[in-house]
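Student: Here you go, this is my_file35.csv (CSV, C-alpha atoms).
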chain,number,residue,atom,x,y,z
A,22,MET,CA,0.0,0.0,0.0
A,23,ALA,CA,1.3,3.4,-0.9
A,24,GLN,CA,2.7,5.5,2.0
A,25,ARG,CA,0.5,8.4,3.0
A,26,HIS,CA,2.0,11.9,3.3
A,27,HIS,CA,-0.2,14.1,5.5
A,28,ASP,CA,0.5,17.6,4.3
A,29,VAL,CA,-2.3,19.3,6.2
A,30,THR,CA,-1.4,18.8,9.9
A,31,ASP,CA,-2.1,16.5,12.7
A,32,PRO,CA,-5.5,17.3,14.1
A,33,ALA,CA,-4.2,16.4,17.6
A,34,ALA,CA,-1.5,19.1,17.6
A,35,GLY,CA,-1.0,22.7,16.8
A,36,PRO,CA,-3.4,25.6,16.8
A,37,VAL,CA,-7.0,25.0,15.9
A,38,THR,CA,-8.2,26.4,12.5
A,39,THR,CA,-11.9,27.1,12.7
A,40,GLY,CA,-14.7,28.0,10.3
A,41,GLU,CA,-13.7,31.6,10.5
A,42,ALA,CA,-10.6,30.8,8.4
A,43,LEU,CA,-12.9,29.1,5.8
A,44,ALA,CA,-15.1,32.2,5.8
A,45,GLY,CA,-12.1,34.5,5.2
A,46,TYR,CA,-10.9,32.3,2.4
A,47,LEU,CA,-14.2,32.2,0.6
A,48,ARG,CA,-14.7,35.9,0.9
A,49,GLY,CA,-11.2,36.5,-0.6
A,50,GLN,CA,-12.0,34.1,-3.5
A,51,ALA,CA,-15.4,35.8,-4.1
A,52,THR,CA,-13.7,39.2,-4.2
A,53,GLU,CA,-11.1,37.9,-6.7
A,54,PHE,CA,-14.0,36.5,-8.8
A,55,LEU,CA,-15.8,39.8,-8.9
A,56,ARG,CA,-12.6,41.7,-9.7
A,57,ALA,CA,-11.9,39.3,-12.6
A,58,LEU,CA,-15.5,39.7,-13.8
A,59,ARG,CA,-15.2,43.5,-13.8
A,60,LEU,CA,-11.9,43.3,-15.8
A,61,HIS,CA,-13.5,40.9,-18.3
A,62,ARG,CA,-16.4,43.3,-18.9
A,63,GLU,CA,-14.1,46.3,-19.2
A,64,THR,CA,-11.9,44.7,-21.8
A,65,GLY,CA,-14.7,43.1,-23.7
A,66,GLY,CA,-16.3,46.3,-25.0
A,67,GLY,CA,-13.6,48.6,-26.4
A,68,THR,CA,-10.8,46.4,-27.7
A,69,SER,CA,-11.6,47.1,-31.4
A,70,HIS,CA,-10.9,50.8,-31.1
A,71,ALA,CA,-7.6,52.6,-30.6
A,72,PRO,CA,-7.6,55.2,-27.8
A,73,ALA,CA,-7.5,58.9,-28.7
A,74,GLY,CA,-4.1,60.1,-29.7
A,75,ALA,CA,-2.9,56.7,-31.0
A,76,THR,CA,-0.9,57.7,-34.1
A,77,ALA,CA,2.2,56.6,-36.0
A,78,ALA,CA,4.3,58.3,-33.4
A,79,GLY,CA,3.0,55.9,-30.8
A,80,ALA,CA,3.3,52.8,-32.9
A,81,PRO,CA,5.9,51.9,-35.6
A,82,GLY,CA,3.2,50.9,-38.1
A,83,GLY,CA,1.0,54.0,-37.7
A,84,PRO,CA,-2.7,54.1,-36.7
A,85,ALA,CA,-3.5,50.6,-38.0
A,86,ALA,CA,-0.6,49.1,-36.0
A,87,ALA,CA,-1.7,51.0,-32.9
A,88,THR,CA,-5.2,49.7,-33.3
A,89,ALA,CA,-4.0,46.2,-33.7
A,90,ALA,CA,-1.7,46.5,-30.7
A,91,VAL,CA,-4.6,47.8,-28.5
A,92,ALA,CA,-6.8,44.9,-29.7
A,93,SER,CA,-4.1,42.4,-28.9
A,94,SER,CA,-3.6,43.9,-25.5
A,95,GLY,CA,-7.3,43.8,-24.9
A,96,ALA,CA,-7.5,40.1,-26.0
A,97,THR,CA,-4.7,39.2,-23.6
A,98,ALA,CA,-6.5,41.0,-20.8
A,99,ARG,CA,-9.7,39.1,-21.5
A,100,VAL,CA,-7.9,35.8,-21.5
A,101,ASP,CA,-6.3,36.7,-18.2
A,102,ALA,CA,-9.6,37.7,-16.7
A,103,ALA,CA,-11.3,34.5,-17.9
A,104,ARG,CA,-8.5,32.5,-16.3
A,105,ALA,CA,-8.9,34.4,-13.0
A,106,LEU,CA,-12.7,33.7,-13.1
A,107,ARG,CA,-12.0,30.0,-13.6
A,108,ARG,CA,-9.4,29.9,-10.9
A,109,SER,CA,-11.7,31.6,-8.3
A,110,ALA,CA,-14.7,29.5,-9.3
A,111,ARG,CA,-12.8,26.3,-8.9
A,112,ARG,CA,-11.5,27.2,-5.5
A,113,ILE,CA,-14.9,28.3,-4.2
A,114,SER,CA,-16.5,25.2,-5.6
A,115,GLY,CA,-13.8,22.9,-4.3
A,116,SER,CA,-13.8,24.4,-0.8
A,117,LEU,CA,-17.6,24.1,-0.6
A,118,HIS,CA,-17.2,20.4,-1.4
A,119,THR,CA,-14.5,19.7,1.1
A,120,PHE,CA,-16.0,21.7,4.0
A,121,ARG,CA,-19.7,21.2,3.2
A,122,PRO,CA,-20.6,20.1,6.8
A,123,LEU,CA,-19.8,23.7,7.9
A,124,LEU,CA,-22.0,25.4,5.3
A,125,GLU,CA,-25.7,25.8,4.9
A,126,PRO,CA,-26.6,22.8,2.8
A,127,GLU,CA,-29.3,24.3,0.6
A,128,TRP,CA,-27.1,27.3,-0.3
A,129,SER,CA,-23.9,25.3,-0.8
A,130,GLU,CA,-25.5,22.5,-2.9
A,131,GLY,CA,-27.2,25.1,-5.0
A,132,ILE,CA,-24.1,27.2,-6.0
A,133,ARG,CA,-21.4,24.5,-6.2
A,134,PRO,CA,-22.6,22.8,-9.4
A,135,GLU,CA,-23.2,26.2,-11.0
A,136,LEU,CA,-19.6,27.2,-10.3
A,137,ALA,CA,-18.4,23.9,-11.8
A,138,TRP,CA,-20.5,24.6,-14.9
A,139,LEU,CA,-19.0,28.1,-15.2
A,140,SER,CA,-15.4,27.0,-14.8
A,141,GLY,CA,-15.8,24.1,-17.2
A,142,THR,CA,-17.5,26.3,-19.8
A,143,LEU,CA,-14.8,29.0,-19.7
A,144,ALA,CA,-12.0,26.4,-19.8
A,145,LEU,CA,-13.0,24.9,-23.2
A,146,GLU,CA,-11.8,27.6,-25.5
A,147,HIS,CA,-8.3,27.6,-24.0
A,148,ALA,CA,-8.2,23.8,-23.9
A,149,TYR,CA,-8.9,23.5,-27.6
A,150,GLY,CA,-6.3,26.1,-28.5
A,151,ALA,CA,-3.6,24.4,-26.3
A,152,ARG,CA,-4.5,21.0,-27.7
A,153,LEU,CA,-4.1,22.2,-31.3
A,154,GLU,CA,-0.7,23.8,-30.5
A,155,ARG,CA,0.4,20.6,-28.7
A,156,LEU,CA,-0.5,18.4,-31.7
A,157,LEU,CA,1.0,20.6,-34.3
A,158,LEU,CA,4.3,20.8,-32.4
A,159,ALA,CA,4.3,17.0,-32.0
A,160,LEU,CA,3.5,16.5,-35.7
A,161,ASN,CA,6.4,18.8,-36.7
A,162,ARG,CA,8.7,17.1,-34.4
A,163,LEU,CA,7.8,13.6,-35.6
A,164,SER,CA,7.9,14.5,-39.3
A,165,GLY,CA,11.0,16.6,-39.1
A,166,ALA,CA,9.2,19.4,-40.9
A,167,ALA,CA,10.5,22.0,-38.5
A,168,PRO,CA,12.8,22.0,-35.5
A,169,VAL,CA,11.0,22.3,-32.1
A,170,PRO,CA,12.9,24.4,-29.5
A,171,PRO,CA,13.5,22.4,-26.3
A,172,GLN,CA,11.5,24.9,-24.2
A,173,LEU,CA,8.4,24.1,-26.2
A,174,VAL,CA,8.5,20.5,-25.3
A,175,GLY,CA,8.1,21.4,-21.7
A,176,PRO,CA,9.9,20.1,-18.5
A,177,GLY,CA,9.6,16.5,-17.5
A,178,GLY,CA,9.1,15.2,-21.0
A,179,PRO,CA,9.7,11.5,-21.8
A,180,ALA,CA,13.4,11.9,-22.1
A,181,ALA,CA,13.7,13.7,-18.8
A,182,ASP,CA,11.5,11.2,-17.1
A,183,GLY,CA,13.5,8.2,-18.4
A,184,ALA,CA,10.5,6.9,-20.4
A,185,ALA,CA,11.4,5.1,-23.6
A,186,ARG,CA,10.4,6.8,-26.8
A,187,PRO,CA,8.7,4.8,-29.5
A,188,ALA,CA,10.7,3.7,-32.4
A,189,ALA,CA,11.3,6.5,-34.9
A,190,PRO,CA,8.6,6.4,-37.6
A,191,ASP,CA,9.3,6.3,-41.3
A,192,ARG,CA,9.7,10.0,-41.8
A,193,GLY,CA,9.5,9.7,-45.5
A,194,ASN,CA,6.0,8.3,-45.3
A,195,LEU,CA,5.1,10.5,-42.4
A,196,THR,CA,6.0,13.7,-44.1
A,197,VAL,CA,3.6,12.9,-47.0
A,198,GLY,CA,0.6,13.0,-44.7
A,199,ALA,CA,1.8,15.3,-42.0
A,200,ALA,CA,0.7,18.5,-43.8
A,201,LYS,CA,-2.8,17.3,-44.5
A,202,ALA,CA,-3.1,15.8,-41.0
A,203,GLY,CA,-2.1,19.2,-39.5
A,204,ALA,CA,-4.6,21.0,-41.8
A,205,LEU,CA,-7.3,18.5,-40.7
A,206,LEU,CA,-6.6,19.0,-37.0
A,207,ASP,CA,-6.4,22.8,-37.5
A,208,ARG,CA,-9.9,22.8,-39.1
A,209,GLN,CA,-11.5,20.5,-36.5
A,210,LEU,CA,-10.0,22.1,-33.4
A,211,THR,CA,-10.3,25.7,-34.6
A,212,LEU,CA,-14.0,25.0,-35.2
A,213,ALA,CA,-14.3,23.5,-31.8
A,214,ARG,CA,-12.5,26.5,-30.3
A,215,THR,CA,-14.7,29.0,-32.1
A,216,ARG,CA,-17.8,27.2,-30.9
A,217,ALA,CA,-16.4,27.1,-27.3
A,218,HIS,CA,-15.8,30.9,-27.5
A,219,SER,CA,-19.4,31.5,-28.6
A,220,THR,CA,-20.7,29.2,-25.9
A,221,ALA,CA,-18.6,31.1,-23.3
A,222,LEU,CA,-19.9,34.4,-24.5
A,223,GLN,CA,-23.5,33.2,-24.3
A,224,ALA,CA,-22.9,31.7,-20.9
A,225,LEU,CA,-21.5,35.0,-19.5
A,226,GLY,CA,-24.6,36.9,-20.9
A,227,SER,CA,-27.1,34.4,-19.6
A,228,SER,CA,-29.5,34.7,-16.6
A,229,ARG,CA,-27.9,31.5,-15.2
A,230,PHE,CA,-24.5,33.3,-15.0
A,231,HIS,CA,-26.0,36.4,-13.5
A,232,ALA,CA,-27.6,34.3,-10.8
A,233,VAL,CA,-24.2,32.8,-10.0
A,234,ALA,CA,-22.5,36.2,-10.0
A,235,ASP,CA,-25.2,37.5,-7.6
A,236,LYS,CA,-24.5,34.7,-5.2
A,237,VAL,CA,-20.8,35.2,-5.3
A,238,ALA,CA,-21.3,38.9,-4.7
A,239,VAL,CA,-23.2,38.0,-1.5
A,240,LEU,CA,-20.5,35.6,-0.6
A,241,ALA,CA,-17.9,38.3,-0.7
A,242,SER,CA,-19.5,39.9,2.3
A,243,GLU,CA,-21.5,37.1,4.1
A,244,VAL,CA,-20.6,33.4,4.2
A,245,PRO,CA,-23.5,31.2,5.2
A,246,LEU,CA,-21.8,29.0,7.8
A,247,THR,CA,-23.6,26.8,10.2
A,248,SER,CA,-24.0,27.9,13.8
A,249,ALA,CA,-21.3,25.4,14.9
A,250,ALA,CA,-18.7,26.3,12.2
A,251,ALA,CA,-17.1,29.2,14.3
A,252,THR,CA,-15.8,26.7,16.8
A,253,THR,CA,-15.3,23.6,14.5
A,254,ASP,CA,-11.7,22.5,13.6
A,255,LEU,CA,-11.2,22.5,9.9
A,256,ARG,CA,-8.3,20.1,10.0
A,257,PRO,CA,-10.2,16.8,10.2
A,258,LEU,CA,-12.1,17.7,7.0
A,259,ALA,CA,-8.9,18.7,5.3
A,260,THR,CA,-7.3,15.5,6.3
A,261,ALA,CA,-10.3,13.5,5.0
A,262,ALA,CA,-9.7,15.1,1.6
A,263,GLU,CA,-6.1,14.1,1.8
A,264,ASP,CA,-7.1,10.5,2.7
A,265,ARG,CA,-9.4,10.4,-0.3
A,266,LEU,CA,-6.5,11.4,-2.5
A,267,ALA,CA,-4.2,8.8,-1.0
A,268,ASP,CA,-6.8,6.1,-1.4
A,269,ALA,CA,-7.3,7.0,-5.1
A,270,VAL,CA,-3.5,7.0,-5.6
A,271,THR,CA,-3.3,3.6,-3.9
A,272,ALA,CA,-5.8,2.2,-6.4
A,273,LEU,CA,-3.7,3.4,-9.4
A,274,PRO,CA,-1.5,0.8,-11.3
A,275,LEU,CA,1.7,2.4,-10.0
A,276,VAL,CA,3.6,-0.8,-10.6
A,277,THR,CA,2.8,-0.5,-14.3
A,278,ALA,CA,3.5,3.2,-14.2
A,279,GLY,CA,6.8,2.5,-12.6
A,280,SER,CA,8.0,1.1,-16.0
A,281,PRO,CA,9.0,3.6,-18.6
A,282,TYR,CA,6.8,1.9,-21.2
A,283,ASN,CA,3.3,0.3,-20.9
A,284,ALA,CA,2.5,-1.5,-24.2
A,285,GLU,CA,-0.9,-2.4,-22.8
A,286,ALA,CA,-1.9,1.2,-22.8
A,287,LEU,CA,-1.7,1.3,-26.7
A,288,ILE,CA,-4.2,-1.6,-27.2
A,289,HIS,CA,-7.1,0.9,-27.3
A,290,GLY,CA,-5.4,2.6,-30.2
A,291,LEU,CA,-7.4,3.6,-33.2
A,292,SER,CA,-10.3,1.2,-32.6
A,293,PRO,CA,-13.7,2.2,-33.9
A,294,ASP,CA,-14.8,2.9,-30.3
A,295,PRO,CA,-14.7,6.7,-29.8
A,296,ALA,CA,-14.9,6.4,-26.0
A,297,PRO,CA,-12.1,7.8,-23.9
A,298,HIS,CA,-9.2,5.6,-23.1
A,299,PRO,CA,-10.3,3.2,-20.3
A,300,GLN,CA,-7.0,3.5,-18.4
A,301,ASP,CA,-7.2,7.3,-18.1
A,302,ALA,CA,-10.3,7.9,-15.9
A,303,PRO,CA,-8.7,6.9,-12.6
A,304,TRP,CA,-5.8,9.3,-13.3
A,305,HIS,CA,-8.1,12.1,-14.1
A,306,GLN,CA,-9.9,11.5,-10.8
A,307,VAL,CA,-6.6,11.6,-8.9
A,308,ARG,CA,-5.9,14.9,-10.6
A,309,LEU,CA,-9.2,16.4,-9.3
A,310,LEU,CA,-8.7,15.0,-5.8
A,311,LEU,CA,-5.2,16.5,-5.7
A,312,ARG,CA,-6.6,19.8,-6.6
A,313,LEU,CA,-9.2,19.6,-3.8
A,314,HIS,CA,-6.4,18.6,-1.4
A,315,ARG,CA,-4.4,21.7,-2.5
A,316,TYR,CA,-7.3,24.0,-1.9
A,317,ALA,CA,-7.9,22.5,1.5
A,318,CYS,CA,-4.3,23.2,2.4
A,319,GLU,CA,-4.8,26.8,1.2
A,320,VAL,CA,-7.8,27.2,3.5
A,321,VAL,CA,-6.1,25.7,6.6
A,322,HIS,CA,-2.6,27.2,6.2
A,323,GLY,CA,-3.3,30.3,4.0
A,324,ARG,CA,-2.3,30.8,0.4
A,325,ALA,CA,1.0,32.4,1.3
A,326,THR,CA,2.2,29.1,2.8
A,327,PRO,CA,4.4,27.2,0.3
A,328,LEU,CA,3.0,23.8,-0.7
A,329,ASP,CA,5.0,20.6,-0.6
A,330,VAL,CA,7.2,20.4,-3.7
A,331,ARG,CA,6.0,16.8,-4.1
A,332,LEU,CA,2.4,18.0,-4.5
A,333,LEU,CA,3.5,20.6,-7.1
A,334,THR,CA,5.5,18.1,-9.2
A,335,ALA,CA,2.8,15.5,-9.0
A,336,GLY,CA,0.2,18.0,-10.1
A,337,GLU,CA,2.3,19.1,-13.0
A,338,ALA,CA,2.7,15.4,-14.1
A,339,LEU,CA,-1.1,14.9,-13.9
A,340,ASP,CA,-1.7,18.1,-15.9
A,341,ARG,CA,0.6,16.7,-18.6
A,342,HIS,CA,-1.2,13.4,-18.4
A,343,ARG,CA,-4.6,15.1,-19.0
A,344,ASP,CA,-3.2,17.2,-21.9
A,345,ALA,CA,-1.6,14.2,-23.6
A,346,SER,CA,-4.7,12.0,-23.1
A,347,GLU,CA,-7.0,14.6,-24.6
A,348,ALA,CA,-4.6,15.3,-27.5
A,349,SER,CA,-4.4,11.5,-28.3
A,350,SER,CA,-8.2,11.4,-28.4
A,351,ALA,CA,-8.3,14.4,-30.8
A,352,ALA,CA,-5.8,12.7,-33.1
A,353,ALA,CA,-7.8,9.4,-33.0
A,354,GLN,CA,-11.0,11.3,-33.7
A,355,ALA,CA,-9.4,13.1,-36.7
A,356,ALA,CA,-8.2,9.7,-38.0
A,357,ARG,CA,-11.7,8.4,-38.0
A,358,THR,CA,-12.7,11.2,-40.5
A,359,PRO,CA,-14.3,9.5,-43.5
A,360,ARG,CA,-12.5,9.4,-46.8
A,361,ILE,CA,-9.1,10.8,-45.7
A,362,ALA,CA,-6.0,9.7,-47.6
A,363,PRO,CA,-4.1,6.7,-46.2
A,364,ALA,CA,-1.0,8.9,-45.7
A,365,THR,CA,-3.0,11.3,-43.6
A,366,ALA,CA,-4.5,8.5,-41.5
A,367,TYR,CA,-0.9,7.1,-41.1
A,368,ALA,CA,0.4,10.5,-39.8
A,369,LEU,CA,-2.5,10.8,-37.4
A,370,GLY,CA,-1.9,7.2,-36.2
A,371,VAL,CA,1.7,8.0,-35.4
A,372,LEU,CA,0.7,11.2,-33.7
A,373,HIS,CA,-1.9,9.3,-31.6
A,374,ALA,CA,0.8,6.7,-30.5
A,375,ASP,CA,3.2,9.5,-29.7
A,376,GLN,CA,0.7,11.2,-27.4
A,377,ARG,CA,-0.1,7.8,-25.7
A,378,HIS,CA,3.6,7.6,-25.0
A,379,GLU,CA,3.5,11.1,-23.5
A,380,VAL,CA,0.6,9.8,-21.3
A,381,GLU,CA,2.9,7.0,-20.1
A,382,ALA,CA,5.8,9.4,-19.5
A,383,ALA,CA,3.5,11.5,-17.3
A,384,ARG,CA,2.4,8.5,-15.3
A,385,TYR,CA,6.0,7.5,-14.8
A,386,ALA,CA,6.8,11.1,-13.6
A,387,PHE,CA,3.9,11.1,-11.2
A,388,GLN,CA,4.9,7.7,-9.8
A,389,ARG,CA,8.4,8.9,-9.1
A,390,SER,CA,7.4,12.3,-7.6
A,391,TRP,CA,4.6,10.8,-5.5
A,392,GLN,CA,6.7,8.1,-3.9
A,393,LYS,CA,9.6,10.4,-3.2
A,394,GLN,CA,10.0,11.4,0.5
A,395,THR,CA,9.6,15.1,1.3
A,396,ILE,CA,12.9,16.7,2.0
A,397,GLY,CA,13.3,17.5,5.7
A,398,ALA,CA,10.3,15.5,6.8
A,399,PRO,CA,10.7,13.6,10.0
Represent the structure of the file as structure tokens.
Tutor:
Amino acid sequence: MAQRHHDVTDPAAGPVTTGEALAGYLRGQATEFLRALRLHRETGGGTSHAPAGATAAGAPGGPAAATAAVASSGATARVDAARALRRSARRISGSLHTFRPLLEPEWSEGIRPELAWLSGTLALEHAYGARLERLLLALNRLSGAAPVPPQLVGPGGPAADGAARPAAPDRGNLTVGAAKAGALLDRQLTLARTRAHSTALQALGSSRFHAVADKVAVLASEVPLTSAAATTDLRPLATAAEDRLADAVTALPLVTAGSPYNAEALIHGLSPDPAPHPQDAPWHQVRLLLRLHRYACEVVHGRATPLDVRLLTAGEALDRHRDASEASSAAAQAARTPRIAPATAYALGVLHADQRHEVEAARYAFQRSWQKQTIGAP
């Protein structure tokens, strides 16, 4: 059985952290949510117009360049605001889940799924864009069409983790279909991203979102705690979240993940079944539980307290696992497109296998980081 690492604190020792700390944390996250929402609204209305006085003197390309620069700046600000909205919504929702015995049940169970809906909706556009970028970089690397700078591969890749890379594909055959495979992925994922953008805009203008924002605004000033919350220790609930994470990790096939290469994971391959890979779901669940554990640590210790490095590296490995898993599914879905050329299907098949190897590398990295003892721990 995997060793448990309790990162919260021993409930029998140390100062008691009560529901007042939870209330302060939730008020802070609600304030950040409202600040991000205001920024998103401010940057969403005037990004297509240059400010007064924007001339060639202010931008090398003249008025047109100044307008483009302002539009780009506004788009970046909107992306940052949407990311901050997602971040706050996740933390509020996760904390309501972990510490639900201390909150008014009807209120908590009403807003928690709505926050999950909002964060999930806002995350889709970025996810599709990142997935396309990941697949195109991998396709270029595999086909030798263009060199990929090491920094774009990301830390902890297969070579760094010690995971074996698949045998080099026949680049002559791969290059033939790589361009069309890239174009097909570009069309499919750009369309999905455009639809996700429209869905997010509709969501932010809906009565459902306004109801959520109103509840968060109330939360910024008043947290509906139970009468006993003010004197209840938070640490047992935070430790329970850590135990759920440890149990889920124990159920993972870490013996298999301890090997650099898991051939069994490629069996699913490009089968006609479009369902997600059957091995991935438990790892995705561990990623969610790790996130809940991190949020519980923030509530108990405060966000300024550094997290265990082991938690951070494990979380990064699980993020890479999720990204590679979803990228492999996108490649497999593209390969199922009717009437594509054999060379295109071949390139997509190689790309799919490459991303499944990335999945295995991420599992290997997680296994190594999770079982590593915390430096300085007794």
Student: What does the distance between atom CA of Asp375 of chain A and atom CA of Leu157 of chain A come to in Å, to one decimal place?
Tutor: 12.2 Å
Student: Near Ser114 of chain A, counting all atoms listed in the file, which residues have an atom at most 8 Å away, once you skip same-chain residues fewer than 3 positions from it, shown as an MDAnalysis selection string?
Tutor: chainID A and resid 110:111 117:118 132:134 136:137
Student: Do a neighbour search on Tyr46 of chain A at 7 Å with all atoms listed in the file, toss out local chain neighbours closer than 4 positions, and write the hits as an MDAnalysis selection string.
Tutor: chainID A and resid 42 50 320
Student: For the residues selected in the previous step, produce a file with C-alpha atoms as a compact mmCIF listing (two decimals), in the coordinates of the input.
Tutor:
# COMPACT_ATOMS: atom_id res chain seq x y z
CA ALA A 42 -10.60 30.80 8.40
CA GLN A 50 -12.00 34.10 -3.50
CA VAL A 320 -7.80 27.20 3.50
Student: Would you place a box with edges along x, y and z of the file around all atoms of segment 135-152 of chain A listed there, add 3 Å to each of its six sides, and report the centre and edge lengths in Å to one decimal, as JSON?
Tutor:
{"center_x": -13.4, "center_y": 25.0, "center_z": -19.4, "size_x": 25.6, "size_y": 14.0, "size_z": 24.2}
Student: Counting only C-alpha atoms, which residues have an atom no more than 12 Å from (-17.8, 25.6, 18.7) in the file's coordinates? Please list them as a list in words.
Tutor: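 Collected hits near the coordinates: Val37, Thr38, Thr39, Gly40, Glu41, Leu123, Thr247, Ser248, Ala249, Ala250, Ala251, Thr252, Thr253, Asp254 and Leu255 of chain A.
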Student: Could you tell me how far atom CA of Arg108 of chain A sits from atom CA of Leu145 of chain A, in Å to one decimal place?
Tutor: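 The value is 13.8 Å.
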Student: Which is closest to Arg162 of chain A among A:Leu372, A:Ala364, A:Leu139, A:Leu339, if we use only C-alpha atoms?
Tutor: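 Comparing A:Leu372, A:Ala364, A:Leu139, A:Leu339 against Arg162 of chain A, the winner is A:Leu372.
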Student: Using all atoms listed in the file, which of the listed residues (A:Val371, A:Glu125, A:Gly150, A:Ala213) sits closest to Ser164 of chain A?
Tutor: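 Ranked by minimum distance to Ser164 of chain A, first place goes to A:Val371.
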Student: How many Å separate atom CA of Ala57 of chain A from atom CA of Tyr149 of chain A?
Tutor: 22.0 Å
Student: Residues near Ala200 of chain A, anyone? I mean within 9 Å using only C-alpha atoms, not counting same-chain ones fewer than 5 positions away, as a list in words.
Tutor: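 The filter keeps Leu160, Leu205, Thr365 and Ala368 of chain A.
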